[in-house]
Amino acid sequence: MFVVLEGPDASGKSTQLKLLDEALRQKRIAPLITREPGGTELGAELRELLLSPSRKMRPLTELLLMVADRHEHVEEVIRPSLDAGRWVICSRYVLSSVAYQGIARGLGAQIAMQLNDAATGGLAADYTFLLDLPPELAYERTGQRDRFEGEGLDFYAKVRSAYLELLGSRPGAYVIDATLPPEEVCRSILARLPVP
Ligand code: TMP
């Protein structure tokens with residue numbers, strides 16, 4: 001199973017990765033926990049470039065670097081793990097690029113999708129969970145520490161509406177209320193996964 005968590009900064013994705021890891025291990029499933037950007041050695045360097053608050057770059061450059069990170073991650077980590085029969089739980093994937101670079105940065109959803117198709121070879125998540133937060137809350141909760149967190153409330157609002165639109169009626173995609181306590185969020189994710 002390939003499970004992806006999406007959502008704005010401060011929506012609790014890292015906490016959920018930890019809780020899901022623990023819960024699945026109790027069910028004798030040892031998932032690979034990973035994230036984008038930064039799930040490979042090269043990706044860790046790309047992540048630094050992408051998040052550094054002092055680094056200026058054009059939106060298309062940002063998209064190309066996110067997609068480069070994803071290509072390495074899919075080829076080096078995600079696909080080999082899935083092929084070996086392992087569950088993969090990943091913080092962020094294609095929808096992040098479509099929501100952030102395609103829609104919020106205004107490059108267009110289509111180019112973001114096309115570049116992502118090339119980078120992933122069409123590998124799609126089996127389950128996608130959007131940890132949904134009102135933009136005001138996400139904005140308030142983030143520390144404004146990186147290039148993305150430092151964007152204004154308007155950017156957070158664009159990302160949120162992009163996510164909701166993209167999720168739409170996509171099979172295997174669910175919107176989860178991230179204002180709930182972490183244990184409850186984890187329970188509602190687990191309830192939708194094919195685990196005993
Ligand atoms: P993270 O803090 O959730 O790990 O993500 C770092 C930032 O990268 C986050 O603000 C969203 C941004 N991002 C994109 O803009 N596009 C992408 O494709 C990915 C994976 C992340």
# chains A, B, ... in the order shown; residues from 1 in each chain; ligands from 1

$ residues_near_ligand --ligand "ligand 1" --cutoff "6 Å" --atoms "only C-alpha atoms and all ligand atoms" --output "list of chain:residue names"
A:Asp9, A:Glu36, A:Pro37, A:Met66, A:Arg92, A:Tyr93, A:Ser96, A:Ser97, A:Tyr100, A:Gln101, A:Phe148, A:Glu149

$ write_last_selection --atoms "all heavy atoms" --output "compact mmCIF listing (two decimals), in the first residue's frame"
# COMPACT_ATOMS: atom_id res chain seq x y z
N ASP A 9 1.46 23.29 6.20
CA ASP A 9 2.42 23.22 7.29
C ASP A 9 1.62 23.30 8.59
O ASP A 9 0.57 23.94 8.64
CB ASP A 9 3.39 24.42 7.20
CG ASP A 9 4.23 24.32 5.93
OD1 ASP A 9 4.87 23.29 5.74
OD2 ASP A 9 4.20 25.27 5.12
N GLU A 36 8.60 14.12 1.45
CA GLU A 36 9.07 14.96 0.34
C GLU A 36 8.90 16.43 0.71
O GLU A 36 7.89 16.76 1.34
CB GLU A 36 8.26 14.66 -0.92
CG GLU A 36 8.52 13.28 -1.46
CD GLU A 36 7.84 13.01 -2.80
OE1 GLU A 36 7.08 13.89 -3.27
OE2 GLU A 36 8.05 11.94 -3.34
N PRO A 37 9.78 17.33 0.33
CA PRO A 37 11.05 16.97 -0.30
C PRO A 37 12.02 16.44 0.76
O PRO A 37 11.88 16.73 1.93
CB PRO A 37 11.54 18.31 -0.86
CG PRO A 37 10.92 19.36 0.00
CD PRO A 37 9.61 18.80 0.47
N MET A 66 11.26 20.43 -7.04
CA MET A 66 10.35 19.53 -6.31
C MET A 66 10.18 18.22 -7.10
O MET A 66 10.15 17.13 -6.54
CB MET A 66 8.97 20.17 -6.12
CG MET A 66 8.92 21.31 -5.14
SD MET A 66 9.21 20.75 -3.44
CE MET A 66 9.04 22.31 -2.56
N ARG A 92 3.53 14.11 1.93
CA ARG A 92 3.47 14.88 0.69
C ARG A 92 3.88 14.05 -0.53
O ARG A 92 4.77 13.22 -0.47
CB ARG A 92 4.35 16.14 0.73
CG ARG A 92 3.99 17.10 1.85
CD ARG A 92 4.71 18.43 1.64
NE ARG A 92 4.39 19.39 2.68
CZ ARG A 92 3.30 20.13 2.71
NH1 ARG A 92 2.41 20.02 1.75
NH2 ARG A 92 3.08 20.98 3.68
N TYR A 93 3.21 14.35 -1.65
CA TYR A 93 3.53 13.69 -2.93
C TYR A 93 3.02 14.62 -4.03
O TYR A 93 3.01 15.85 -3.83
CB TYR A 93 2.89 12.29 -2.93
CG TYR A 93 3.35 11.36 -4.04
CD1 TYR A 93 4.68 11.06 -4.24
CD2 TYR A 93 2.42 10.77 -4.90
CE1 TYR A 93 5.09 10.20 -5.25
CE2 TYR A 93 2.82 9.90 -5.92
CZ TYR A 93 4.16 9.63 -6.09
OH TYR A 93 4.56 8.77 -7.09
N SER A 96 0.98 17.92 -3.59
CA SER A 96 1.65 19.10 -3.03
C SER A 96 2.13 20.01 -4.16
O SER A 96 1.98 21.22 -4.11
CB SER A 96 2.85 18.71 -2.16
OG SER A 96 2.45 18.38 -0.85
N SER A 97 2.75 19.40 -5.19
CA SER A 97 3.26 20.23 -6.29
C SER A 97 2.13 20.88 -7.08
O SER A 97 2.28 22.00 -7.56
CB SER A 97 4.08 19.40 -7.27
OG SER A 97 5.27 19.00 -6.69
N TYR A 100 0.69 23.64 -4.50
CA TYR A 100 1.59 24.76 -4.17
C TYR A 100 2.14 25.45 -5.42
O TYR A 100 2.03 26.65 -5.57
CB TYR A 100 2.76 24.27 -3.30
CG TYR A 100 2.42 24.04 -1.84
CD1 TYR A 100 1.70 22.91 -1.45
CD2 TYR A 100 2.80 24.93 -0.85
CE1 TYR A 100 1.39 22.68 -0.12
CE2 TYR A 100 2.50 24.71 0.49
CZ TYR A 100 1.79 23.58 0.85
OH TYR A 100 1.49 23.36 2.16
N GLN A 101 2.81 24.64 -6.29
CA GLN A 101 3.45 25.27 -7.45
C GLN A 101 2.43 25.52 -8.57
O GLN A 101 2.40 26.59 -9.16
CB GLN A 101 4.61 24.41 -7.98
CG GLN A 101 5.88 24.47 -7.15
CD GLN A 101 5.76 23.82 -5.79
OE1 GLN A 101 5.30 22.69 -5.69
NE2 GLN A 101 6.16 24.53 -4.74
N PHE A 148 8.28 28.67 2.57
CA PHE A 148 6.86 28.42 2.39
C PHE A 148 6.06 28.93 3.58
O PHE A 148 5.04 29.59 3.44
CB PHE A 148 6.59 26.93 2.13
CG PHE A 148 7.17 26.48 0.84
CD1 PHE A 148 8.44 25.93 0.77
CD2 PHE A 148 6.46 26.63 -0.34
CE1 PHE A 148 9.00 25.53 -0.44
CE2 PHE A 148 7.00 26.24 -1.56
CZ PHE A 148 8.27 25.68 -1.61
N GLU A 149 6.58 28.62 4.78
CA GLU A 149 5.88 29.08 5.99
C GLU A 149 5.83 30.60 6.03
O GLU A 149 4.93 31.17 6.63
CB GLU A 149 6.61 28.56 7.24
CG GLU A 149 6.48 27.06 7.41
CD GLU A 149 7.21 26.55 8.65
OE1 GLU A 149 7.89 27.33 9.33
OE2 GLU A 149 7.10 25.35 8.92

$ closest_atom_pairs --of "range 36-70 of chain A" --to "range 106-112 of chain A" --cutoff "10 Å" --atoms "only C-alpha atoms" --output "tab-separated table"
residue	atom	partner	partner_atom	distance
A:Pro59	CA	A:Leu107	CA	7.2
A:Leu60	CA	A:Leu107	CA	7.1
A:Leu63	CA	A:Ala112	CA	7.3
A:Leu64	CA	A:Ala112	CA	9.1
A:Val67	CA	A:Ala112	CA	8.7

$ residues_around --residues "Leu133 in chain A" --least-positions-apart "5" --cutoff "8 Å" --atoms "only C-alpha atoms" --output "PyMOL selection string"
chain A and resi 7-8+11+138+160+177-179

$ select_by_dssp --residues "range 16-128 of chain A" --states "strand (DSSP E or B)" --output "PyMOL selection string"
chain A and resi 32-35+88-91+127-128

$ write_last_selection --atoms "all heavy atoms" --output "PDB file, in the first residue's frame"
ATOM      1  N   LEU A  32       7.475   1.732   5.623  1.00  0.00           N
ATOM      2  CA  LEU A  32       8.578   2.653   5.388  1.00  0.00           C
ATOM      3  C   LEU A  32       7.984   4.059   5.508  1.00  0.00           C
ATOM      4  O   LEU A  32       7.018   4.382   4.820  1.00  0.00           O
ATOM      5  CB  LEU A  32       9.150   2.456   3.983  1.00  0.00           C
ATOM      6  CG  LEU A  32      10.270   3.441   3.712  1.00  0.00           C
ATOM      7  CD1 LEU A  32      11.606   2.780   3.994  1.00  0.00           C
ATOM      8  CD2 LEU A  32      10.234   3.956   2.298  1.00  0.00           C
ATOM      9  N   ILE A  33       8.588   4.849   6.399  1.00  0.00           N
ATOM     10  CA  ILE A  33       8.076   6.204   6.628  1.00  0.00           C
ATOM     11  C   ILE A  33       9.023   7.174   5.928  1.00  0.00           C
ATOM     12  O   ILE A  33      10.236   7.137   6.161  1.00  0.00           O
ATOM     13  CB  ILE A  33       8.060   6.518   8.153  1.00  0.00           C
ATOM     14  CG1 ILE A  33       7.265   5.470   8.921  1.00  0.00           C
ATOM     15  CG2 ILE A  33       7.576   7.929   8.425  1.00  0.00           C
ATOM     16  CD1 ILE A  33       5.777   5.510   8.697  1.00  0.00           C
ATOM     17  N   THR A  34       8.470   8.037   5.093  1.00  0.00           N
ATOM     18  CA  THR A  34       9.348   8.931   4.341  1.00  0.00           C
ATOM     19  C   THR A  34       8.636  10.254   4.045  1.00  0.00           C
ATOM     20  O   THR A  34       7.470  10.415   4.410  1.00  0.00           O
ATOM     21  CB  THR A  34       9.859   8.202   3.072  1.00  0.00           C
ATOM     22  OG1 THR A  34      10.839   9.011   2.439  1.00  0.00           O
ATOM     23  CG2 THR A  34       8.741   7.878   2.090  1.00  0.00           C
ATOM     24  N   ARG A  35       9.364  11.182   3.423  1.00  0.00           N
ATOM     25  CA  ARG A  35       8.744  12.492   3.182  1.00  0.00           C
ATOM     26  C   ARG A  35       9.333  13.166   1.952  1.00  0.00           C
ATOM     27  O   ARG A  35      10.434  12.839   1.503  1.00  0.00           O
ATOM     28  CB  ARG A  35       8.962  13.402   4.392  1.00  0.00           C
ATOM     29  CG  ARG A  35      10.407  13.813   4.544  1.00  0.00           C
ATOM     30  CD  ARG A  35      10.582  14.928   5.541  1.00  0.00           C
ATOM     31  NE  ARG A  35      11.997  15.267   5.681  1.00  0.00           N
ATOM     32  CZ  ARG A  35      12.457  16.180   6.505  1.00  0.00           C
ATOM     33  NH1 ARG A  35      11.631  16.844   7.265  1.00  0.00           N
ATOM     34  NH2 ARG A  35      13.747  16.445   6.559  1.00  0.00           N
ATOM     35  N   VAL A  88       4.331   1.880   2.219  1.00  0.00           N
ATOM     36  CA  VAL A  88       5.065   3.152   2.233  1.00  0.00           C
ATOM     37  C   VAL A  88       4.103   4.245   2.698  1.00  0.00           C
ATOM     38  O   VAL A  88       3.000   4.377   2.155  1.00  0.00           O
ATOM     39  CB  VAL A  88       5.619   3.495   0.835  1.00  0.00           C
ATOM     40  CG1 VAL A  88       6.246   4.897   0.824  1.00  0.00           C
ATOM     41  CG2 VAL A  88       6.647   2.461   0.385  1.00  0.00           C
ATOM     42  N   ILE A  89       4.531   4.981   3.715  1.00  0.00           N
ATOM     43  CA  ILE A  89       3.727   6.118   4.174  1.00  0.00           C
ATOM     44  C   ILE A  89       4.561   7.361   3.976  1.00  0.00           C
ATOM     45  O   ILE A  89       5.654   7.497   4.531  1.00  0.00           O
ATOM     46  CB  ILE A  89       3.329   5.970   5.651  1.00  0.00           C
ATOM     47  CG1 ILE A  89       2.737   4.587   5.830  1.00  0.00           C
ATOM     48  CG2 ILE A  89       2.371   7.093   6.057  1.00  0.00           C
ATOM     49  CD1 ILE A  89       1.791   4.421   6.927  1.00  0.00           C
ATOM     50  N   CYS A  90       4.060   8.258   3.152  1.00  0.00           N
ATOM     51  CA  CYS A  90       4.864   9.398   2.709  1.00  0.00           C
ATOM     52  C   CYS A  90       4.167  10.717   3.044  1.00  0.00           C
ATOM     53  O   CYS A  90       2.977  10.884   2.751  1.00  0.00           O
ATOM     54  CB  CYS A  90       5.063   9.270   1.194  1.00  0.00           C
ATOM     55  SG  CYS A  90       6.166  10.508   0.509  1.00  0.00           S
ATOM     56  N   SER A  91       4.923  11.621   3.644  1.00  0.00           N
ATOM     57  CA  SER A  91       4.401  12.968   3.872  1.00  0.00           C
ATOM     58  C   SER A  91       4.599  13.760   2.585  1.00  0.00           C
ATOM     59  O   SER A  91       5.739  13.994   2.188  1.00  0.00           O
ATOM     60  CB  SER A  91       5.163  13.621   5.025  1.00  0.00           C
ATOM     61  OG  SER A  91       4.848  14.995   5.085  1.00  0.00           O
ATOM     62  N   TYR A 127      -3.881   5.527  -1.205  1.00  0.00           N
ATOM     63  CA  TYR A 127      -4.696   6.322  -0.281  1.00  0.00           C
ATOM     64  C   TYR A 127      -4.035   7.673  -0.069  1.00  0.00           C
ATOM     65  O   TYR A 127      -2.821   7.750   0.115  1.00  0.00           O
ATOM     66  CB  TYR A 127      -4.796   5.635   1.094  1.00  0.00           C
ATOM     67  CG  TYR A 127      -5.633   4.386   1.049  1.00  0.00           C
ATOM     68  CD1 TYR A 127      -5.046   3.160   0.742  1.00  0.00           C
ATOM     69  CD2 TYR A 127      -7.008   4.434   1.279  1.00  0.00           C
ATOM     70  CE1 TYR A 127      -5.817   2.006   0.673  1.00  0.00           C
ATOM     71  CE2 TYR A 127      -7.774   3.284   1.206  1.00  0.00           C
ATOM     72  CZ  TYR A 127      -7.175   2.081   0.909  1.00  0.00           C
ATOM     73  OH  TYR A 127      -7.936   0.949   0.829  1.00  0.00           O
ATOM     74  N   THR A 128      -4.845   8.717  -0.099  1.00  0.00           N
ATOM     75  CA  THR A 128      -4.349  10.059   0.194  1.00  0.00           C
ATOM     76  C   THR A 128      -5.233  10.669   1.279  1.00  0.00           C
ATOM     77  O   THR A 128      -6.466  10.682   1.140  1.00  0.00           O
ATOM     78  CB  THR A 128      -4.401  10.960  -1.063  1.00  0.00           C
ATOM     79  OG1 THR A 128      -3.613  10.349  -2.096  1.00  0.00           O
ATOM     80  CG2 THR A 128      -3.846  12.347  -0.787  1.00  0.00           C
TER      81      THR A 128
END

$ closest_residue --among "A:Glu41, A:Asp21, A:Ile189, A:Arg58" --to "Gly172 in chain A" --atoms "only C-alpha atoms"
A:Ile189

$ select_by_dssp --residues "range 27-189 of chain A" --states "helix (DSSP H, G or I)" --output "number ranges by chain"
A: 41-51, 59-83, 94-104, 109-120, 135-141, 153-167, 182-189
